[in-house]
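A.B. asks: Pasting a structure below so you can have a look.
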Amino acid sequence: MSGPTKSVRYGVVVLTMGNRPRELGRALDSLMSQTGVEMDVVVVVNSDRTVETPHRVRVHGIGENIGIPAGRNVGAQLVAGDFIFFLDDDSWLPSVTFLADVAARMEADATLGMVQPRIIDPDRRGDEPTRWIPRLRKGRPGRSSEVFSVLETAIALPRETFDATGGWPSEFYYAHEGIELAWRVWDTGRRVEYQADLHVAHPVVHTGRHKEFHYMNARNRVWLARRCLHWPFSWAYVLVWTLRHMIRNLPEHEDQVWWNGWMDGWTDKPWDGPTRPRKLRWSTIVTMTLHGRPPLV
């Protein structure tokens, strides 16, 4: 007779600004419905608001908006488990076995370091934006593949892998933190996969690009290169994205904001404290290149 099945335990971090109570309730309901796993769940409130949660869910209020990656890092320190799952308050899990299915795949494949599910809008199936597919070739959203960036709204990792990466780049505030985390997972020797048969739900929202977005987009591209890449890849990466920007047709005021972010990316320090983050191993650069995604685009 076989022994009892080992319980799978997740640490779950739900990030919210506290301004979407209905959506937060939907996200938490989908978590509380999960079967086959144990969960240590914390809701991190990235503001001074208060929120209501089920009795099994802890709430940690930060008191101010410290940025998306920093908020997730705070939550990660408050939960325990063999795996860690990050969920934004405007996403939810359509399947009650989602977390168990992800854990089973990561347990079966020791090389799998992070899973990005396919993002769907149940009300607009087949009409989801291509930006939700985290790879260069956007065709066939139903095709799974290895990827080198993630959309951060719902991702799962073995806890030891997340800890080995050093966590989210808190300094970014928002924008491109999913690229750095994916790169650093690859740098641990594990892979990142977009698994299209695993679904997380999220409404399609057509958001306008505001000034802060253009600033963060430029600054964090430079910071990503300075934090992760050796020369000459660091300069080449920034050069490619700078040339890409120059052929775009942004309004003059947005273009100036982008260049302000670009300049601050070079002049501001992209890490806290005296110790800079470790750059990617050269073997990781080779791996990325062999997969058709050198750290240039």
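Naming works like this for the structure tokens: A, B, ... for the chains as they're shown, residue 1 at the start of each chain, ligands 1 onward in shown order.
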Taking the backbone alone, and naming residues the way the document does, which bits of segment 88-216 of chain A are strand (DSSP E) by DSSP, as a PyMOL selection string?
C.D. replies: chain A and resi 88+112-120+145-146+154-158+191-201
A.B. asks: Which residues, written as a PDB file with N, CA, C and O atoms, in the first residue's frame, have at least one atom at most 10 Å from His214 of chain A, with only C-alpha atoms counted and residues fewer than 5 positions away on the same chain left out?
C.D. replies:
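Ended up saving to part-v9.pdb:
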ATOM      1  N   ALA A 175       6.949  48.281 -14.943  1.00  0.00           N
ATOM      2  CA  ALA A 175       7.406  48.187 -16.339  1.00  0.00           C
ATOM      3  C   ALA A 175       8.710  47.401 -16.429  1.00  0.00           C
ATOM      4  O   ALA A 175       9.724  47.761 -15.826  1.00  0.00           O
ATOM      5  N   ARG A 209      -1.735  55.149 -23.176  1.00  0.00           N
ATOM      6  CA  ARG A 209      -0.362  55.304 -22.714  1.00  0.00           C
ATOM      7  C   ARG A 209      -0.176  56.718 -22.197  1.00  0.00           C
ATOM      8  O   ARG A 209      -0.310  57.688 -22.934  1.00  0.00           O
ATOM      9  N   ARG A 219      13.306  54.487 -18.996  1.00  0.00           N
ATOM     10  CA  ARG A 219      14.260  54.376 -17.885  1.00  0.00           C
ATOM     11  C   ARG A 219      14.548  52.925 -17.546  1.00  0.00           C
ATOM     12  O   ARG A 219      15.715  52.521 -17.358  1.00  0.00           O
ATOM     13  N   LEU A 250       5.691  59.235 -31.828  1.00  0.00           N
ATOM     14  CA  LEU A 250       5.040  59.710 -30.611  1.00  0.00           C
ATOM     15  C   LEU A 250       4.802  61.215 -30.696  1.00  0.00           C
ATOM     16  O   LEU A 250       5.586  61.940 -31.314  1.00  0.00           O
ATOM     17  N   GLU A 254       5.138  63.459 -25.451  1.00  0.00           N
ATOM     18  CA  GLU A 254       5.415  62.102 -24.984  1.00  0.00           C
ATOM     19  C   GLU A 254       6.831  61.686 -25.358  1.00  0.00           C
ATOM     20  O   GLU A 254       7.499  60.976 -24.597  1.00  0.00           O
ATOM     21  N   ASP A 255       7.291  62.129 -26.515  1.00  0.00           N
ATOM     22  CA  ASP A 255       8.649  61.823 -26.933  1.00  0.00           C
ATOM     23  C   ASP A 255       9.660  62.426 -25.956  1.00  0.00           C
ATOM     24  O   ASP A 255      10.644  61.771 -25.592  1.00  0.00           O
ATOM     25  N   GLN A 256       9.409  63.644 -25.514  1.00  0.00           N
ATOM     26  CA  GLN A 256      10.325  64.292 -24.567  1.00  0.00           C
ATOM     27  C   GLN A 256      10.349  63.553 -23.236  1.00  0.00           C
ATOM     28  O   GLN A 256      11.405  63.387 -22.611  1.00  0.00           O
ATOM     29  N   VAL A 257       9.180  63.081 -22.798  1.00  0.00           N
ATOM     30  CA  VAL A 257       9.114  62.308 -21.555  1.00  0.00           C
ATOM     31  C   VAL A 257       9.936  61.029 -21.695  1.00  0.00           C
ATOM     32  O   VAL A 257      10.654  60.628 -20.767  1.00  0.00           O
ATOM     33  N   TRP A 258       9.830  60.375 -22.850  1.00  0.00           N
ATOM     34  CA  TRP A 258      10.604  59.155 -23.081  1.00  0.00           C
ATOM     35  C   TRP A 258      12.099  59.445 -22.976  1.00  0.00           C
ATOM     36  O   TRP A 258      12.835  58.692 -22.316  1.00  0.00           O
ATOM     37  N   TRP A 259      12.558  60.502 -23.602  1.00  0.00           N
ATOM     38  CA  TRP A 259      13.980  60.831 -23.542  1.00  0.00           C
ATOM     39  C   TRP A 259      14.413  61.233 -22.136  1.00  0.00           C
ATOM     40  O   TRP A 259      15.551  60.965 -21.730  1.00  0.00           O
ATOM     41  N   ASN A 260      13.514  61.855 -21.365  1.00  0.00           N
ATOM     42  CA  ASN A 260      13.833  62.155 -19.961  1.00  0.00           C
ATOM     43  C   ASN A 260      14.091  60.861 -19.188  1.00  0.00           C
ATOM     44  O   ASN A 260      15.027  60.765 -18.390  1.00  0.00           O
ATOM     45  N   GLY A 261      13.228  59.853 -19.422  1.00  0.00           N
ATOM     46  CA  GLY A 261      13.431  58.571 -18.771  1.00  0.00           C
ATOM     47  C   GLY A 261      14.718  57.907 -19.217  1.00  0.00           C
ATOM     48  O   GLY A 261      15.435  57.295 -18.409  1.00  0.00           O
ATOM     49  N   TRP A 262      15.029  58.007 -20.518  1.00  0.00           N
ATOM     50  CA  TRP A 262      16.253  57.433 -21.058  1.00  0.00           C
ATOM     51  C   TRP A 262      17.488  58.035 -20.380  1.00  0.00           C
ATOM     52  O   TRP A 262      18.403  57.311 -19.964  1.00  0.00           O
TER      53      TRP A 262
END
A.B. asks: Identify, with DSSP run on backbone atoms, the residues in segment 47-220 of chain A assigned to helix (DSSP H, G or I), and express the list as JSON, numbers by chain.
C.D. replies: {"A": [68, 69, 70, 71, 72, 73, 74, 75, 76, 98, 99, 100, 101, 102, 103, 104, 105, 106, 107, 108, 130, 131, 132, 159, 160, 161, 162, 163, 164, 165, 170, 171, 172, 177, 178, 179, 180, 181, 182, 183, 184, 185, 186, 187, 211, 212, 213, 214, 215, 216, 217, 218, 219, 220]}
A.B. asks: Could the residues in this selection be saved with N, CA and C atoms as a compact mmCIF listing (two decimals), in the first residue's frame?
C.D. replies:
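Wrote selection_22.txt, looks like this:
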# COMPACT_ATOMS: atom_id res chain seq x y z
N ILE A 68 4.84 48.22 -8.00
CA ILE A 68 4.34 46.86 -8.17
C ILE A 68 5.37 45.80 -7.78
N PRO A 69 6.60 45.82 -8.32
CA PRO A 69 7.54 44.76 -7.95
C PRO A 69 7.92 44.80 -6.47
N ALA A 70 8.04 45.98 -5.91
CA ALA A 70 8.38 46.07 -4.48
C ALA A 70 7.24 45.53 -3.63
N GLY A 71 6.00 45.80 -4.01
CA GLY A 71 4.87 45.25 -3.28
C GLY A 71 4.84 43.74 -3.31
N ARG A 72 5.15 43.17 -4.47
CA ARG A 72 5.20 41.71 -4.56
C ARG A 72 6.32 41.14 -3.69
N ASN A 73 7.44 41.81 -3.65
CA ASN A 73 8.54 41.32 -2.81
C ASN A 73 8.16 41.35 -1.34
N VAL A 74 7.44 42.37 -0.93
CA VAL A 74 6.97 42.42 0.46
C VAL A 74 6.10 41.20 0.75
N GLY A 75 5.16 40.92 -0.15
CA GLY A 75 4.30 39.77 0.05
C GLY A 75 5.05 38.46 0.08
N ALA A 76 6.07 38.34 -0.77
CA ALA A 76 6.84 37.10 -0.84
C ALA A 76 7.51 36.78 0.49
N PHE A 98 -6.13 24.73 -11.09
CA PHE A 98 -5.02 25.45 -11.73
C PHE A 98 -3.72 25.30 -10.93
N LEU A 99 -3.75 25.61 -9.65
CA LEU A 99 -2.51 25.57 -8.86
C LEU A 99 -1.98 24.15 -8.73
N ALA A 100 -2.86 23.18 -8.57
CA ALA A 100 -2.41 21.79 -8.50
C ALA A 100 -1.80 21.35 -9.82
N ASP A 101 -2.40 21.76 -10.93
CA ASP A 101 -1.86 21.38 -12.24
C ASP A 101 -0.48 21.98 -12.45
N VAL A 102 -0.31 23.25 -12.08
CA VAL A 102 1.00 23.89 -12.24
C VAL A 102 2.05 23.19 -11.38
N ALA A 103 1.69 22.91 -10.14
CA ALA A 103 2.64 22.25 -9.24
C ALA A 103 3.04 20.88 -9.77
N ALA A 104 2.08 20.14 -10.31
CA ALA A 104 2.39 18.81 -10.84
C ALA A 104 3.39 18.90 -11.99
N ARG A 105 3.26 19.91 -12.82
CA ARG A 105 4.19 20.06 -13.95
C ARG A 105 5.58 20.45 -13.47
N MET A 106 5.65 21.32 -12.48
CA MET A 106 6.95 21.73 -12.00
C MET A 106 7.61 20.61 -11.20
N GLU A 107 6.83 19.80 -10.50
CA GLU A 107 7.41 18.66 -9.79
C GLU A 107 7.91 17.59 -10.76
N ALA A 108 7.23 17.45 -11.90
CA ALA A 108 7.60 16.43 -12.88
C ALA A 108 8.81 16.84 -13.72
N THR A 130 -2.64 40.77 -28.64
CA THR A 130 -1.42 39.98 -28.85
C THR A 130 -0.35 40.29 -27.82
N ARG A 131 -0.44 41.45 -27.15
CA ARG A 131 0.57 41.78 -26.14
C ARG A 131 0.51 40.80 -24.96
N TRP A 132 -0.56 40.02 -24.87
CA TRP A 132 -0.67 39.03 -23.81
C TRP A 132 0.12 37.77 -24.10
N ARG A 159 9.52 27.88 -4.98
CA ARG A 159 9.99 28.91 -4.06
C ARG A 159 11.51 29.06 -4.10
N GLU A 160 12.21 27.94 -4.19
CA GLU A 160 13.66 28.02 -4.19
C GLU A 160 14.18 28.76 -5.43
N THR A 161 13.47 28.64 -6.55
CA THR A 161 13.87 29.36 -7.75
C THR A 161 13.66 30.85 -7.58
N PHE A 162 12.50 31.23 -7.05
CA PHE A 162 12.25 32.65 -6.83
C PHE A 162 13.31 33.24 -5.92
N ASP A 163 13.63 32.56 -4.84
CA ASP A 163 14.64 33.08 -3.91
C ASP A 163 15.99 33.19 -4.59
N ALA A 164 16.32 32.24 -5.46
CA ALA A 164 17.61 32.26 -6.14
C ALA A 164 17.74 33.44 -7.10
N THR A 165 16.63 33.93 -7.62
CA THR A 165 16.69 35.07 -8.54
C THR A 165 16.96 36.38 -7.82
N SER A 170 12.78 45.64 -7.33
CA SER A 170 11.94 46.63 -6.65
C SER A 170 12.12 48.04 -7.19
N GLU A 171 13.34 48.35 -7.62
CA GLU A 171 13.64 49.72 -8.06
C GLU A 171 12.84 50.13 -9.29
N PHE A 172 12.31 49.18 -10.05
CA PHE A 172 11.65 49.51 -11.31
C PHE A 172 10.33 50.24 -11.12
N GLU A 177 9.63 44.60 -15.23
CA GLU A 177 10.09 43.73 -14.15
C GLU A 177 9.92 42.26 -14.51
N GLY A 178 8.95 41.96 -15.39
CA GLY A 178 8.76 40.58 -15.82
C GLY A 178 9.86 40.09 -16.75
N ILE A 179 10.54 41.02 -17.43
CA ILE A 179 11.68 40.64 -18.26
C ILE A 179 12.85 40.24 -17.37
N GLU A 180 13.16 41.10 -16.40
CA GLU A 180 14.31 40.79 -15.55
C GLU A 180 14.09 39.50 -14.77
N LEU A 181 12.88 39.30 -14.22
CA LEU A 181 12.66 38.07 -13.45
C LEU A 181 12.82 36.84 -14.34
N ALA A 182 12.30 36.90 -15.56
CA ALA A 182 12.45 35.77 -16.48
C ALA A 182 13.92 35.52 -16.80
N TRP A 183 14.65 36.57 -17.09
CA TRP A 183 16.08 36.41 -17.37
C TRP A 183 16.79 35.75 -16.20
N ARG A 184 16.46 36.16 -14.99
CA ARG A 184 17.16 35.63 -13.83
C ARG A 184 16.74 34.19 -13.51
N VAL A 185 15.53 33.81 -13.87
CA VAL A 185 15.15 32.40 -13.76
C VAL A 185 16.01 31.57 -14.71
N TRP A 186 16.14 32.01 -15.95
CA TRP A 186 17.03 31.31 -16.89
C TRP A 186 18.46 31.26 -16.34
N ASP A 187 18.86 32.31 -15.65
CA ASP A 187 20.23 32.38 -15.12
C ASP A 187 20.46 31.38 -13.99
N LYS A 211 2.03 59.69 -19.71
CA LYS A 211 3.41 60.16 -19.64
C LYS A 211 4.28 59.27 -18.76
N GLU A 212 3.73 58.86 -17.62
CA GLU A 212 4.52 58.04 -16.72
C GLU A 212 4.92 56.72 -17.37
N PHE A 213 4.02 56.16 -18.17
CA PHE A 213 4.35 54.92 -18.87
C PHE A 213 5.57 55.11 -19.77
N HIS A 214 5.57 56.18 -20.56
CA HIS A 214 6.68 56.40 -21.49
C HIS A 214 7.98 56.63 -20.74
N TYR A 215 7.91 57.31 -19.60
CA TYR A 215 9.10 57.55 -18.80
C TYR A 215 9.65 56.22 -18.26
N MET A 216 8.78 55.43 -17.63
CA MET A 216 9.22 54.15 -17.05
C MET A 216 9.70 53.19 -18.12
N ASN A 217 9.05 53.19 -19.26
CA ASN A 217 9.44 52.31 -20.35
C ASN A 217 10.88 52.57 -20.77
N ALA A 218 11.25 53.84 -20.89
CA ALA A 218 12.61 54.18 -21.31
C ALA A 218 13.61 53.96 -20.18
N ARG A 219 13.31 54.49 -19.00
CA ARG A 219 14.26 54.38 -17.88
C ARG A 219 14.55 52.93 -17.55
N ASN A 220 13.50 52.10 -17.49
CA ASN A 220 13.70 50.72 -17.04
C ASN A 220 14.38 49.86 -18.10
A.B. asks: I'd like the contact shell of segment 31-35 of chain A - 6 Å cut-off, only C-alpha atoms, skipping same-chain residues fewer than 2 positions apart - returned as a PyMOL selection string.
C.D. replies: chain A and resi 28-29+37+96-97
A.B. asks: When you draw a straight line from atom CA of Ser283 of chain A to atom CA of Asp82 of chain A, how long is it in Å?
C.D. replies: 27.4 Å
A.B. asks: Quick one: everything within 9 Å of Arg190 of chain A, counting only C-alpha atoms, minus sequence neighbours fewer than 6 positions away in the same chain. Send it as a list in words.
C.D. replies: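 Once the adjacent positions are removed, what remains is Ala110, Thr111, Leu112, Gly113, Met114 and Thr161 of chain A.
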A.B. asks: Limited to N, CA and C atoms, could you put the picked residues into a file as a tab-separated table (two decimals), in the first residue's frame?
C.D. replies:
chain	number	residue	atom	x	y	z
A	110	ALA	N	12.19	19.10	-13.28
A	110	ALA	CA	13.05	19.91	-12.42
A	110	ALA	C	13.68	21.08	-13.15
A	111	THR	N	13.63	21.08	-14.49
A	111	THR	CA	14.20	22.19	-15.24
A	111	THR	C	13.24	23.35	-15.39
A	112	LEU	N	11.98	23.17	-14.99
A	112	LEU	CA	10.96	24.20	-15.16
A	112	LEU	C	11.00	25.16	-13.98
A	113	GLY	N	11.36	26.41	-14.26
A	113	GLY	CA	11.57	27.39	-13.19
A	113	GLY	C	10.49	28.42	-13.04
A	114	MET	N	9.67	28.62	-14.06
A	114	MET	CA	8.56	29.57	-13.94
A	114	MET	C	7.54	29.26	-15.02
A	161	THR	N	13.47	28.64	-6.55
A	161	THR	CA	13.87	29.36	-7.75
A	161	THR	C	13.66	30.85	-7.58
A.B. asks: Between atom CA of Thr287 of chain A and atom CA of Arg140 of chain A, what is the spacing in Å?
C.D. replies: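 Atom CA of Thr287 of chain A lies 24.0 Å from atom CA of Arg140 of chain A.
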A.B. asks: Fewer than 4 positions away in the same chain doesn't count, so skip those; otherwise give me all residues within 9 Å of segment 274-278 of chain A, counting only C-alpha atoms, as a list in words.
C.D. replies: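 Listing them by chain and then by number gives Gly166, Arg227, Cys228 and Pro270 of chain A.
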A.B. asks: Atoms to include: C-alpha atoms. Write the selected residues as a PDB file, in the first residue's frame.
C.D. replies:
ATOM      1  CA  GLY A 166      16.793  37.675  -5.785  1.00  0.00           C
ATOM      2  CA  ARG A 227      21.624  45.582 -13.978  1.00  0.00           C
ATOM      3  CA  CYS A 228      21.743  42.384 -16.014  1.00  0.00           C
ATOM      4  CA  PRO A 270      19.310  51.281 -10.634  1.00  0.00           C
TER       5      PRO A 270
END
A.B. asks: Contacts of Trp266 of chain A at 9 Å or less, counting only C-alpha atoms, minus same-chain residues fewer than 6 places along, as a count of residues only?
C.D. replies: 4
A.B. asks: Find the spatial neighbours of Met39 of chain A, counting only C-alpha atoms, within a cut-off of 8 Å - ignore same-chain residues fewer than 5 positions away - and output them as number ranges by chain.
C.D. replies: A: 9-12, 81
